[in-house]
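Take a look at the structure below.
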Amino acid sequence: MNNESMNTKDTSVWKHHHVLDVDDFSVAEIELVMQTTDAMKEVLSRPIKKVPTLRGKTVVTLFYEASTRTRGSFEVAAKNLSADVVNMTAQSSSISKGESLIDTLNTIEAIGADVIVMRHPLSGAHYCAAPHVKANIINAGDGWHAHPTQALLDLYTIIKHKDKADGLKVVIVGDIKHSRVAHSNIWCLTKMGAKVVLCGPHTLLSTGLEDAGEYFPQVEAETNIEYALKDADVVMELRLQKERMQSGLLPGLREFIGGYQLNRERLALAKPDAIVMHPGPVNEDIEMTADVLHGGRSVVGEQVANGVAVRMAILYLLAGSKEL
Ligand code: CP
């Protein structure tokens, strides 16, 4: 990334102070994120993967839930942009002594945070928090609701393989109901012109989504995986979220595997060049067989790698110095 490559992008389309979900992103903003991610990929290809755009800024990661990919890639992204990074978890902070969410955020801001990257188990926690802080808030996952940077890195990965999302058939399989990844992907992919087919047992499709097509024509729900996969361009399996599941939503893992696991035979129903995605972490041999996960059609590792560049792009657009 040099002065010329960044300064030629029209960042005036960017309107966000916080990133809470992608449902309120314009197409132009999503396109800007994709272009900025390309510039960040160029930075990451250099021997020294560091630019000064966030020098003097402090990024705090505040995670009330476990994470490997999101927390780790935000830390690497912020450090690549020369920010100072402070990592906090609920277990290791005064949250464990009963400090409230708003008091915690005000305390973090008083310490000097410019950007707060937060994951919280309650859907909507970030919307509650945002009016109380001046720092930029980035939603790194809230309950079942949203995971906007995951959707953006998924879109980026799809575009790198398929050129564009417009006109693609993307099949999202598994535990749709509990998946913030699915919910953000529905907004992001349909906004960019893809058709999204949600596939899972009735009990794991979000309430209302079974009839989604009636009022949201680019979204379909299908309980039969063999029908759903036909002519798919992209197959995205989701993690079975055992920790969020109330008893009774599935008879058992064996039934889920029998009905919804992606294996070689089922993948053959998709287009020959279909790619296989998963946001991770994967329950190997539950959502998909090991040979599919580690096979030539899988882009799961690329998704993780692209997460660093997408998060660099988001940090840059929210808080970066525009003159490099
Ligand atoms: N995809 C995702 O959010 O993974 P982590 O829980 O490891 O951050």
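Residue numbering restarts at 1 in every chain; chains get A, B, ... in the order shown in the structure tokens, and ligands count up from 1 in that same order.
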
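Taking only C-alpha atoms and all ligand atoms into account, ligand 1 has within 8 Å the residues Ala66, Ser67, Thr68, Arg69, Thr70, Arg71, Gly72, Ala140, Gly141, His147, Gln150, Val181, Pro279, Gly280 and Pro281 of chain A.
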
**Request:** Enumerate, as a PyMOL selection string, the complete set of residues in stretch 54-121 of chain A that a backbone-based DSSP assignment places in strand (DSSP E).
**Result:** chain A and resi 58-63+84-89+115-120

Could you give me, as CSV, every stretch 132-216 of chain A residue with an atom at most 7 Å from stretch 225-244 of chain A, plus its closest atom pair and distance in Å to one decimal, counting only C-alpha atoms, rows ordered by chain then number?
residue,atom,partner,partner_atom,distance
A:Leu168,CA,A:Asp233,CA,6.0
A:Lys169,CA,A:Ala232,CA,5.1
A:Val170,CA,A:Val234,CA,4.7
A:Val171,CA,A:Val235,CA,4.9
A:Ile172,CA,A:Met236,CA,4.7
A:Val173,CA,A:Glu237,CA,4.8
A:Gly174,CA,A:Leu238,CA,5.4
A:Asp175,CA,A:Leu240,CA,5.5
A:His178,CA,A:Gln241,CA,6.9
A:Val197,CA,A:Ala228,CA,6.7
A:Cys199,CA,A:Ile225,CA,6.3

Could those selected residues go to a file with all heavy atoms, as a CSV table (one decimal), in the first residue's frame?
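For reference, part24.csv as written:
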chain,number,residue,atom,x,y,z
A,168,LEU,N,-24.6,-15.8,-8.1
A,168,LEU,CA,-24.2,-17.1,-7.6
A,168,LEU,C,-25.3,-17.7,-6.7
A,168,LEU,O,-26.1,-17.0,-6.1
A,168,LEU,CB,-22.9,-16.9,-6.7
A,168,LEU,CG,-21.7,-16.4,-7.3
A,168,LEU,CD1,-20.5,-16.3,-6.3
A,168,LEU,CD2,-21.2,-17.3,-8.5
A,169,LYS,N,-25.2,-19.0,-6.6
A,169,LYS,CA,-26.1,-19.8,-5.7
A,169,LYS,C,-25.2,-20.2,-4.5
A,169,LYS,O,-24.3,-21.0,-4.7
A,169,LYS,CB,-26.7,-21.0,-6.3
A,169,LYS,CG,-27.5,-21.8,-5.4
A,169,LYS,CD,-28.2,-23.0,-6.1
A,169,LYS,CE,-28.9,-23.9,-5.1
A,169,LYS,NZ,-29.5,-25.1,-5.7
A,170,VAL,N,-25.5,-19.6,-3.3
A,170,VAL,CA,-24.7,-19.9,-2.1
A,170,VAL,C,-25.6,-20.7,-1.2
A,170,VAL,O,-26.7,-20.3,-0.8
A,170,VAL,CB,-24.2,-18.7,-1.4
A,170,VAL,CG1,-23.4,-19.0,-0.2
A,170,VAL,CG2,-23.4,-17.8,-2.4
A,171,VAL,N,-25.2,-21.9,-0.8
A,171,VAL,CA,-26.0,-22.8,0.0
A,171,VAL,C,-25.3,-22.8,1.4
A,171,VAL,O,-24.2,-23.2,1.6
A,171,VAL,CB,-26.1,-24.2,-0.5
A,171,VAL,CG1,-27.0,-25.1,0.4
A,171,VAL,CG2,-26.6,-24.2,-1.9
A,172,ILE,N,-26.1,-22.4,2.4
A,172,ILE,CA,-25.6,-22.3,3.8
A,172,ILE,C,-26.3,-23.5,4.5
A,172,ILE,O,-27.5,-23.5,4.6
A,172,ILE,CB,-25.9,-21.0,4.5
A,172,ILE,CG1,-25.3,-19.8,3.6
A,172,ILE,CG2,-25.3,-20.9,5.9
A,172,ILE,CD1,-25.5,-18.4,4.2
A,173,VAL,N,-25.5,-24.4,5.1
A,173,VAL,CA,-26.0,-25.6,5.6
A,173,VAL,C,-25.7,-25.8,7.1
A,173,VAL,O,-24.6,-25.5,7.6
A,173,VAL,CB,-25.3,-26.9,4.9
A,173,VAL,CG1,-26.0,-28.2,5.4
A,173,VAL,CG2,-25.4,-26.8,3.4
A,174,GLY,N,-26.8,-26.2,7.8
A,174,GLY,CA,-26.6,-26.6,9.2
A,174,GLY,C,-27.4,-25.8,10.2
A,174,GLY,O,-28.6,-25.6,10.0
A,175,ASP,N,-26.7,-25.3,11.2
A,175,ASP,CA,-27.4,-24.7,12.4
A,175,ASP,C,-27.6,-23.2,12.1
A,175,ASP,O,-26.9,-22.3,12.6
A,175,ASP,CB,-26.5,-24.9,13.6
A,175,ASP,CG,-27.2,-24.4,14.9
A,175,ASP,OD1,-28.3,-23.9,14.8
A,175,ASP,OD2,-26.6,-24.6,15.9
A,178,HIS,N,-28.9,-20.6,15.2
A,178,HIS,CA,-28.0,-20.1,16.2
A,178,HIS,C,-26.8,-19.4,15.6
A,178,HIS,O,-25.8,-19.0,16.3
A,178,HIS,CB,-27.4,-21.2,17.1
A,178,HIS,CG,-28.5,-22.0,17.8
A,178,HIS,ND1,-29.0,-23.2,17.4
A,178,HIS,CD2,-29.2,-21.6,18.9
A,178,HIS,CE1,-29.9,-23.6,18.2
A,178,HIS,NE2,-30.1,-22.7,19.1
A,197,VAL,N,-29.4,-20.1,-0.3
A,197,VAL,CA,-30.3,-21.2,0.1
A,197,VAL,C,-29.9,-21.7,1.5
A,197,VAL,O,-28.7,-22.0,1.7
A,197,VAL,CB,-30.2,-22.4,-0.9
A,197,VAL,CG1,-31.1,-23.5,-0.5
A,197,VAL,CG2,-30.6,-21.9,-2.3
A,199,CYS,N,-30.2,-24.3,4.4
A,199,CYS,CA,-30.5,-25.7,4.5
A,199,CYS,C,-30.2,-26.3,5.9
A,199,CYS,O,-29.1,-26.2,6.3
A,199,CYS,CB,-29.7,-26.5,3.4
A,199,CYS,SG,-30.0,-28.2,3.4

**Request:** Skip A:Ala113 itself and residues of its chain fewer than 2 positions away, then list as a ChimeraX atom specification all residues within 9 Å of it, counting only C-alpha atoms.
**Result:** /A:57-60,86,108-111,115-116,135-136

Dump of C-alpha atoms for the selected residues, as a PDB file, in the first residue's frame:
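Written file, result-v4.pdb:
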ATOM      1  CA  LYS A  57      -4.093   4.699  18.153  1.00  0.00           C
ATOM      2  CA  THR A  58      -5.087   2.087  20.712  1.00  0.00           C
ATOM      3  CA  VAL A  59      -7.217  -0.897  19.739  1.00  0.00           C
ATOM      4  CA  VAL A  60      -8.762  -2.898  22.590  1.00  0.00           C
ATOM      5  CA  VAL A  86      -4.660  -4.354  24.472  1.00  0.00           C
ATOM      6  CA  ILE A 108     -11.616   1.038  28.567  1.00  0.00           C
ATOM      7  CA  GLU A 109     -12.255   4.370  26.875  1.00  0.00           C
ATOM      8  CA  ALA A 110     -10.822   6.259  29.849  1.00  0.00           C
ATOM      9  CA  ILE A 111      -7.663   4.150  29.499  1.00  0.00           C
ATOM     10  CA  VAL A 115     -11.313   1.311  18.736  1.00  0.00           C
ATOM     11  CA  ILE A 116     -13.046  -1.434  20.737  1.00  0.00           C
ATOM     12  CA  ALA A 135     -14.581   5.005  20.364  1.00  0.00           C
ATOM     13  CA  ASN A 136     -15.348   3.027  17.224  1.00  0.00           C
TER      14      ASN A 136
END

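Coordinates place atom CA of A:His120 at a distance of 16.8 Å from atom CA of A:Lys97.
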
**Message:** Please determine, counting only C-alpha atoms, which residue among A:Arg254, A:His278, A:His132, A:Lys160 has the shortest atom-to-atom distance to A:Lys41.
**Reply:** A:Lys160

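For A:Leu44, the residues within 10 Å (counting only C-alpha atoms, excluding itself and residues fewer than 6 positions away along the chain) are Met1, Asp38, Lys50, Val51, Ala77, Asn80, Val308 and Ala309 of chain A.
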
**Message:** Under the rule that only C-alpha atoms are counted, which of A:Asp114, A:Gly56, A:Leu62, A:Ser184 is the nearest residue to A:Leu20?
**Reply:**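 Checking each candidate against A:Leu20, we get A:Ser184 as the closest.
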
**DSSP-assigned helix (DSSP H, G or I) members of stretch 204-269 of chain A, reported as an NGL selection string** = :A and (204 or 209-215 or 225-229 or 242-244 or 253-260 or 264-267)

**Item:** Among listed residues A:Pro201, A:Gly208, A:Gly307, A:Gly112, nearest A:Phe256 (using only C-alpha atoms)
**Value:**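 Nearest candidate to A:Phe256 out of A:Pro201, A:Gly208, A:Gly307, A:Gly112: A:Pro201.
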
**Nearby residues (only C-alpha atoms) at most 9 Å from A:His18, same-chain spacing under 3 positions excluded, as a PyMOL selection string** = chain A and resi 21+130+135-139+318

Fewer than 4 positions away in the same chain doesn't count, so skip those; otherwise give me all residues within 12 Å of stretch 161-165 of chain A, counting only C-alpha atoms, as a CSV table (one decimal) with C-alpha atoms, in the first residue's frame.
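Writing done, so here's result-v4.csv:
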chain,number,residue,atom,x,y,z
A,27,VAL,CA,-23.2,-1.6,-1.9
A,30,ILE,CA,-19.0,-3.1,0.7
A,31,GLU,CA,-17.2,-2.6,-2.6
A,34,MET,CA,-13.3,-5.3,-0.9
A,152,LEU,CA,-17.1,-9.5,4.7
A,154,ASP,CA,-16.5,-14.7,3.4
A,155,LEU,CA,-17.6,-12.3,0.6
A,156,TYR,CA,-14.0,-11.4,-0.2
A,157,THR,CA,-13.1,-15.1,-0.4
A,169,LYS,CA,-26.1,-19.8,-5.7
A,170,VAL,CA,-24.7,-19.9,-2.1
A,185,ASN,CA,-24.0,-13.5,5.4
A,188,CYS,CA,-24.2,-9.2,2.7
A,189,LEU,CA,-24.5,-11.9,0.0
A,190,THR,CA,-28.0,-10.9,-1.1
A,191,LYS,CA,-27.1,-7.2,-1.2
A,192,MET,CA,-24.3,-8.2,-3.6
A,193,GLY,CA,-26.7,-10.1,-5.8
A,194,ALA,CA,-26.3,-13.7,-4.7
A,195,LYS,CA,-29.1,-16.2,-4.1
A,196,VAL,CA,-28.9,-17.8,-0.7
A,233,ASP,CA,-21.5,-22.3,-6.6
A,234,VAL,CA,-20.6,-22.1,-3.0
A,273,ASP,CA,-16.0,-25.9,-9.5
A,274,ALA,CA,-18.0,-25.2,-6.3
A,275,ILE,CA,-16.0,-24.0,-3.3
A,276,VAL,CA,-16.5,-25.3,0.2
A,277,MET,CA,-16.5,-22.8,3.1
A,297,ARG,CA,-12.4,-27.5,-3.1
A,298,SER,CA,-12.1,-26.3,0.5
A,299,VAL,CA,-11.2,-22.6,1.0
A,302,GLU,CA,-8.1,-19.0,2.9
A,303,GLN,CA,-11.0,-17.6,4.8
